[in-house]
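Q: Please see the structure below; I have some questions.
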There are 4 protein chains.
Amino acid sequence: MIRFNNDYNCGAHPRVIEALVATNAESHPGYGLDAWCERGAQAIRAQAEAPEAAVHFVVGGTQANFLVIASALRPYQSVISADTGHINEHETGAVEHVGHKIQALPGTDGKIAAAQVEEVARDFETSTVPEHIVQPKMVYLSYTSEFGTLYSKRELEDLSAVCREHGLYLFVDGARLSYGLAAPESDVTMADLARLTDAFTVGGTKCGALFGEAIVLTNPALHEGFRSNMKQNGAMLAKGWLLGLQFATLFEPANGESTGEPTPATDGRASEAPAQEPLYLAIARQADEQALRIKAAFAQAGVPFFIESPTNQQFVVMPDRVLDDLAKKYVFEYEQRIDGAHSCVRFCTSWSTKPEDVDALVADIEALARAGKLA
Amino acid sequence: MIRFNNDYNCGAHPRVIEALVATNAESHPGYGLDAWCERGAQAIRAQAEAPEAAVHFVVGGTQANFLVIASALRPYQSVISADTGHINEHETGAVEHVGHKIQALPGTDGKIAAAQVEEVARDFETSTVPEHIVQPKMVYLSYTSEFGTLYSKRELEDLSAVCREHGLYLFVDGARLSYGLAAPESDVTMADLARLTDAFTVGGTKCGALFGEAIVLTNPALHEGFRSNMKQNGAMLAKGWLLGLQFATLFEPANGESTGEPTPATDGRASEAPAQEPLYLAIARQADEQALRIKAAFAQAGVPFFIESPTNQQFVVMPDRVLDDLAKKYVFEYEQRIDGAHSCVRFCTSWSTKPEDVDALVADIEALARAGKLA
Amino acid sequence: MIRFNNDYNCGAHPRVIEALVATNAESHPGYGLDAWCERGAQAIRAQAEAPEAAVHFVVGGTQANFLVIASALRPYQSVISADTGHINEHETGAVEHVGHKIQALPGTDGKIAAAQVEEVARDFETSTVPEHIVQPKMVYLSYTSEFGTLYSKRELEDLSAVCREHGLYLFVDGARLSYGLAAPESDVTMADLARLTDAFTVGGTKCGALFGEAIVLTNPALHEGFRSNMKQNGAMLAKGWLLGLQFATLFEPANGESTGEPTPATDGRASEAPAQEPLYLAIARQADEQALRIKAAFAQAGVPFFIESPTNQQFVVMPDRVLDDLAKKYVFEYEQRIDGAHSCVRFCTSWSTKPEDVDALVADIEALARAGKLA
Amino acid sequence: MIRFNNDYNCGAHPRVIEALVATNAESHPGYGLDAWCERGAQAIRAQAEAPEAAVHFVVGGTQANFLVIASALRPYQSVISADTGHINEHETGAVEHVGHKIQALPGTDGKIAAAQVEEVARDFETSTVPEHIVQPKMVYLSYTSEFGTLYSKRELEDLSAVCREHGLYLFVDGARLSYGLAAPESDVTMADLARLTDAFTVGGTKCGALFGEAIVLTNPALHEGFRSNMKQNGAMLAKGWLLGLQFATLFEPANGESTGEPTPATDGRASEAPAQEPLYLAIARQADEQALRIKAAFAQAGVPFFIESPTNQQFVVMPDRVLDDLAKKYVFEYEQRIDGAHSCVRFCTSWSTKPEDVDALVADIEALARAGKLA
């Protein structure tokens with residue numbers, strides 16, 4: 001079976017696993033107070049050009065999200081999100097569980113706009129009964145969004161400006177950050193995120209690590225007590241260096257010397273990676289390239305997109321009659337029914353996707369198109 | 001000033017205050033374990049034809065709502081509500097504060113329909129990742145709704161049937177229950193509510209009491225530990241008999257002998273109240289009648305209704321230019337801007353509304369209409 | 001039956017009930033934003049010589065306690081209390097329910113000492129793993145304590161000094177504040193409390209009101225968002241003026257003109273109340289005097305005290321064999337078994353205790369002593 | 001430096017790390033719904049002779065503890081623990097954060113007794129105000145305790161009997177389970193735990209895994225919704241198979257064929273491991289043996305024990321003057337001051353402890369003793 005179902009279905013990038021093996025017998029202080037965590041944090045601060053940011057490592061994305069939100073908000077404050085936001089739809093009410101309302105706004109391609117945020121902020125500011133309603137205090141968005149779409153730098157600047165004007169924190173969930181930053185269409189850097197937000201996460205689990213997310217708190221107002229909140233919520237890993245080590249490895253230069261296996265060959269189809277690009281972005285760049293090959297094949301075949309994505313997730317509307325056959329060779333994710341004969345499905349690449357597997361899928365799409373089965 | 005701004009702007013019905021005075025020197029056991037609470041509970045059970053229901057008295061409506069919800073749900077379960085529901089809009093995130101997501105559905109005139117609930121239930125039941133989403137477990141609705149509208153008995157039966165089919169609790173917030181049950185348009189009784197729901201509240205604060213809401217738990221599965229939850233949430237009144245006494249008084253026959261002053265005269269405009277109708281419903285009936293006189297005056301004057309209500313709250317769309325003048329004589333509630341020249345405002349009657357005050361308002365509406373100022 | 005079981009077994013002081021009746025037909029803005037609440041708050045600020053303090057009114061003591069604590073603390077912070085503290089023993093885990101650990105210290109006569117607090121603070125400050133333990137951030141004590149005992153001004157100054165040195169808030173639960181301040185033994189004033197604490201409550205429920213506690217936030221750092229927290233926790237009374245009115249009445253001069261009935265006659269046994277003493281303290285002074293008459297009778301009879309109290313609660317160790325007989329005439333509270341033949345019971349006076357009832361009890365104690373039944 | 005500071009200062013047992021490398025390129029379903037998790041769960045069920053138990057894998061111990069507790073208790077219910085229990089002292093108030101009071105009982109050598117539990121249960125059952133106090137509903141204990149001590153089978157049977165009689169759940173925190181079960185002094189098996197408790201955990205982090213704890217829910221009443229609670233609390237690992245794989249490996253026969261390196265040589269000092277003993281117990285057995293060599297050396301040298309422990313943690317009272325010198329060669333954990341000249345320190349072995357390092361420590365203890373420096 002060839003797997004395009006998600007970007008977390010196998011282990012870690014070879015250089016990460018190599019680093020884990022190489023250091024397995026080393027001894028370290030526990031709970032993230034070790035040299036590897038410091039090294040991983042420094043690498044992220046350098047990439048984000050945010051030397052004063054606090055960087056904390058946790059195991060999972062839901063954990064990272066509710067920790068940042070709960071740590072920043074007072075009980076009566078809310079977080080604004082797209083209705084399709086991960087915190088609103090896929091985390092079993094974790095944010096409400098820690099006591100906060102999510103003010104869900106209708107998203108467009110998984111994104112919300114500055115004007116929408118401003119309206120919510122103004123509604124609160126002009127309320128005659130402000131103590132009877134929640135106070136919006138944070139905006140949550142994801143980069144890439146749940147549909148693989150991207151905010152432009154301009155959009156983020158507008159959101160950031162509205163947030164600062166109205167005293168809201170801006171928090172970006174970067175569970176798939178690398179696939180966003182590395183996309184050809186992106187005009188955003190990690191330094192932009194650090195500059196425009198109060199907090200963001202750097203996803204590891206879906207981006208080459210065995211597990212782990214880095215939380216970057218750029219606003220000093222969010223620093224106090226964060227580690228206590230982590231421990232209280234079971235989010236402080238005893239062997240914390242396992243997280244620091246993985247991020248330190250992912251933020252090494254991709255072209256630098258590695259102790260592990262080389263990255264998967266790309267058959268000459270890879271773009272030129274910038275000199276000194278960290279492994280984190282280099283491997284996502286390859287994944288995005290493979291996804292865009294799939295996208296081109298679907299477009300060529302006339303298959304409509306549910307939402308057009310420039311990154312590693314591709315959402316297409318397929319005739320139901322071809323799905324069973326495709327499913328014999330490929331694993332992909334069923335999303336939702338569109339009409340009596342069509343469904344939305346997702347094809348997802350990752351750092352572990354092999355170009356030859358994409359070759360096969362492209363060929364099969366072309367064959368289905370030629371046979372008139374995708375109409 | 002004549003007050004039509006809300007139904008909780010003055011003290012208690014004279015018979016209630018009389019009862020409080022008459023019993024002030026009596027001694028009672030604390031925390032709701034007294035004879036007055038038992039008498040109030042029995043009166044409500046009798047009216048609801050629900051001899052096995054548990055009845056608890058608390059001071060306020062927000063308290064009643066989150067207590068019922070938090071006591072019934074496990075952490076990962078949610079409550080379904082109209083987007084305009086009181087718990088979703090006017091309680092400062094109290095439900096989220098106790099850990100539960102509100103799944104807000106678009107309301108129609110403040111109401112939700114059985115088909116909407118069924119869709120949410122089915123979405124959960126057919127989810128391939130049920131552990132990543134909240135489990136809908138309760139439906140919250142209010143009677144009357146926040147816009148004064150009413151569910152018909154048929155609508156409630158449909159909602160109840162869907163809830164029972166899908167294992168959801170049905171909870172009716174009756175902060176304004178009396179105004180609903182007593183409305184000419186209503187075909188619902190308290191016994192219907194007891195039969196069709198798992199829990200409902202009997203509002204006192206807006207319906208003749210000084211303060212207080214009765215929580216009626218008809219489903220025995222919701223009984224265990226409720227008083228402990230009350231105490232833990234600061235909702236167990238030390239002098240609990242103050243609540244029981246008020247409800248016992250409100251559920252005495254309206255025409256029975258009273259130790260207090262007579263109810264306000266109604267100038268012969270009152271309908272015939274049923275024999276043995278409790279004071280609770282009798283005084284709401286009068287309030288509804290006064291509201292319908294206001295409604296008729298506005299209709300006659302061609303003033304459009306924001307939402308058409310058959311109960312004590314009337315929402316009309318008025319030209320802004322007349323509001324200041326009206327506000328010199330009447331207190332009413334500004335709701336929201338409709339367009340550059342019109343606003344929605346609310347006129348609200350209560351058990352304390354005097355017919356002569358309504359006479360005055362009706363005359364002024366007629367005068368404004370004659371002067372062409374309401375167009 | 002003559003009731004000495006507690007200080008909340010009957011209604012309100014006559015002047016309070018009179019005020020409620022007199023204002024019953026008045027209209028007011030809701031939710032505590034009315035003139036009576038402002039007047040009650042001003043009276044308390046004046047008595048406390050704390051013109052900048054925020055004053056909020058809530059219905060009950062458990063509510064007041066967890067609101068102050070939850071509003072002041074971040075999630076990983078704890079509150080220090082005597083093990084016998086009301087929050088630790090009698091509120092069904094309300095503080096833990098809102099997420100905070102109580103660090104219970106062994107109390108002496110219901111009290112804790114500055115040195116104990118200092119030790120907890122130092123333990124945290126010198127911990128090598130501060131993120132693995134809760135951070136002590138508030139000290140809770142009650143005045144009077146659960147055993148009726150009092151902190152001296154010196155003890156409070158010491159506690160306050162330790163709290164300020166170590167960055168802890170000091171919070172005094174004044175559910176029985178009046179009985180403490182009015183006790184002959186007390187050298188503390190409300191102004192002392194305001195000066196030495198960050199927050200304290202002024203109990204109404206047990207001190208002459210029908211219900212209600214005033215929360216006084218003297219530390220401005222605790223002001224922000226308090227009303228939102230109140231509403232979110234169901235602690236904002238719709239008809240808030242009912243609370244303000246009661247406290248405004250209780251803080252009127254005791255000797256001033258009253259619209260209500262006179263206070264209960266005291267048969268010439270009452271001490272001279274200070275000129276301009278507020279009703280709140282005057283009626284507690286009478287209650288304390290009656291309690292001290294009971295205390296003297298027990299002492300004279302050789303009955304040992306469980307804990308020696310200078311206020312309205314008297315805890316004595318009685319032979320079991322006399323309890324049944326006493327219980328035919330008096331209601332008192334059984335506390336706990338002492339040995340095979342003795343139990344601790346509480347006799348409690350209040351503003352509503354009649355001197356002639358105390359006369360009777362004193363006579364019966366003397367008779368029992370003469371009969372040798374108290375040995 | 002030779003590390004005796006704790007049992008989580010280096011990576012995983014070689015066979016675990018080998019398994020992670022060998023499967024790194026495999027694809028799996030996410031969130032614990034994979035074949036490795038099923039295999040790990042089956043191995044634990046088999047070892048525990050509990051074929052119907054639910055087994056869930058989470059990353060950390062604090063997470064495991066609060067999940068089990070929060071999932072089992074209603075809001076007003078408490079958990080009983082030794083005052084020295086991990087949940088009471090070392091988890092930053094995690095249990096209170098999810099809303100539950102810990103009723104801390106004075107421990108003896110880190111343990112509590114059935115009679116203590118019974119007293120708490122009876123106090124609640126005979127309370128005249130049960131709604132004003134928390135309801136004890138669970139007993140938490142740890143095996144090994146925080147001081148390395150063990151409950152005998154008889155002690156566990158007594159605790160279990162009391163719990164069942166009074167309707168309490170019994171939950172055993174097995175963060176160091178293997179060191180307990182494998183100790184020469186232990187008469188308890190995993191099957192005993194399954195039989196006597198409602199839930200227990202099987203620690204991985206300190207017992208050979210890179211990270212991970214298995215939660216074993218033997219009482220079916222605790223099964224419902226557990227995975228939803230996990231997800232909501234950020235405790236569901238995306239690549240869940242990483243956990244299942246580690247436990248499946250640790251529960252393979254120790255003497256079976258392994259794809260990894262052999263376990264550390266033990267110089268002939270090891271006892272005979274039972275045939276088919278799982279790796280999990282075999283490596284703990286070696287760790288306990290090394291700890292008992294250290295214990296014997298201290299005993300021989302006349303060094304007093306803070307608490308006498310039969311497992312991998314040894315707490316000794318040492319003269320302060322030798323600690324700095326020892327610390328040049330060994331890492332050990334400072335616990336607390338005993339008097340002006342002595343401190344309690346901990347020496348801890350683990351599956352990764354090398355016998356030759358213990359040889360060195362034993363020799364140094366003997367030398368210090370000979371030099372009269374340990375007196």
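In the structure tokens, chains take letters A, B, ... by order of appearance, with residues numbered from 1 within each chain and ligands from 1 in the order shown.
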When you look at segment 34-38 of chain D with a cut-off of 10 Å (counting only C-alpha atoms), what residues show up, excluding the ones that are within fewer than 5 positions of it in the same chain? I need them as number ranges by chain.
A: D: 27-29, 43-44, 55-57, 239-249
Q: Enumerate, as number ranges by chain, the complete set of residues in segment 24-133 of chain D that a backbone-based DSSP assignment places in helix (DSSP H, G or I).
A: D: 35-48, 61-72, 86-89, 94-97, 114-125, 130-132
Q: Near chain B, which residues of chain A fall within 7 Å when you count only C-alpha atoms, and what do they look like as a compact mmCIF listing (two decimals) with N, CA, C and O atoms, in the first residue's frame?
A:
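Final output, out28.txt:
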```txt
# COMPACT_ATOMS: atom_id res chain seq x y z
N PRO A 75 -10.24 33.61 33.34
CA PRO A 75 -11.38 32.70 33.12
C PRO A 75 -12.48 33.24 32.20
O PRO A 75 -13.11 32.46 31.49
N TYR A 76 -12.72 34.52 32.22
CA TYR A 76 -13.85 35.06 31.47
C TYR A 76 -13.45 35.51 30.06
O TYR A 76 -14.25 36.15 29.38
N GLU A 89 -12.71 22.02 16.25
CA GLU A 89 -13.32 20.86 15.61
C GLU A 89 -12.68 19.52 15.95
O GLU A 89 -13.33 18.50 15.83
N HIS A 90 -11.42 19.52 16.32
CA HIS A 90 -10.73 18.23 16.38
C HIS A 90 -10.01 17.96 17.69
O HIS A 90 -9.13 17.10 17.73
N GLU A 91 -10.35 18.70 18.74
CA GLU A 91 -9.61 18.48 19.98
C GLU A 91 -10.55 18.16 21.16
O GLU A 91 -10.23 18.42 22.31
N THR A 92 -11.72 17.60 20.85
CA THR A 92 -12.64 17.09 21.89
C THR A 92 -12.95 18.13 22.96
O THR A 92 -13.07 17.82 24.14
N GLY A 93 -13.03 19.38 22.52
CA GLY A 93 -13.40 20.41 23.48
C GLY A 93 -12.32 20.70 24.51
O GLY A 93 -12.63 21.12 25.63
N GLU A 96 -12.49 24.33 25.87
CA GLU A 96 -13.60 24.51 26.79
C GLU A 96 -13.31 23.75 28.09
O GLU A 96 -13.68 24.21 29.17
N HIS A 97 -12.67 22.61 27.99
CA HIS A 97 -12.35 21.83 29.19
C HIS A 97 -11.51 22.64 30.16
O HIS A 97 -11.65 22.51 31.38
N VAL A 98 -10.61 23.46 29.63
CA VAL A 98 -9.84 24.32 30.54
C VAL A 98 -10.55 25.65 30.77
O VAL A 98 -9.97 26.58 31.33
N GLY A 99 -11.81 25.76 30.34
CA GLY A 99 -12.66 26.85 30.80
C GLY A 99 -12.93 28.00 29.86
O GLY A 99 -13.58 28.96 30.28
N HIS A 100 -12.51 27.91 28.61
CA HIS A 100 -12.64 29.09 27.76
C HIS A 100 -13.56 28.85 26.56
O HIS A 100 -13.51 27.82 25.92
N LYS A 101 -14.36 29.86 26.27
CA LYS A 101 -15.22 29.80 25.11
C LYS A 101 -14.39 30.07 23.85
O LYS A 101 -13.51 30.94 23.86
N GLU A 131 -20.04 42.57 31.19
CA GLU A 131 -19.79 41.51 32.18
C GLU A 131 -20.69 40.30 31.96
O GLU A 131 -20.52 39.30 32.66
N HIS A 132 -21.59 40.40 31.01
CA HIS A 132 -22.48 39.28 30.72
C HIS A 132 -22.00 38.48 29.52
O HIS A 132 -22.61 37.47 29.16
N ILE A 133 -20.96 38.95 28.89
CA ILE A 133 -20.44 38.24 27.71
C ILE A 133 -18.96 37.99 27.91
O ILE A 133 -18.31 38.64 28.73
N VAL A 134 -18.45 37.01 27.19
CA VAL A 134 -17.01 36.75 27.30
C VAL A 134 -16.23 37.87 26.63
O VAL A 134 -16.69 38.51 25.69
```
Q: For the atom pair atom CA of Ser309 of chain A and atom CA of Phe147 of chain A, what is the interatomic distance in Å to one decimal place?
A: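 Here the two named atoms are 6.8 Å from each other.
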Q: Nearest to Val68 of chain C: which of C:Ala284, C:Leu222, C:Leu326, C:Leu168 is it, counting only C-alpha atoms?
A: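 For Val68 of chain C, the nearest of the given residues is C:Leu222.
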Q: Identify, on the basis of only C-alpha atoms, every residue whose closest approach to Asn229 of chain C does not exceed 7 Å; exclude the query and any residue fewer than 4 positions from it along the same chain; express the result as a VMD selection string.
A: (chain A and resid 76) or (chain C and resid 71 225 233)
Q: Can you tell me which residues surround Lys111 of chain D at a distance of at most 10 Å, considering only C-alpha atoms, apart from same-chain residues fewer than 2 positions away, and format the answer as a list in words?
A: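 Listing them by chain and then by number gives Ser81, Ala82, Asp83, Thr84, Gly85, Leu105, Pro106, Gly107, Thr108, Asp109, Ala113, Leu141, Ser142, Tyr143, Thr144, Ser145, Glu146, Phe147, Thr149, Leu150, Tyr151 and Glu155 of chain D.
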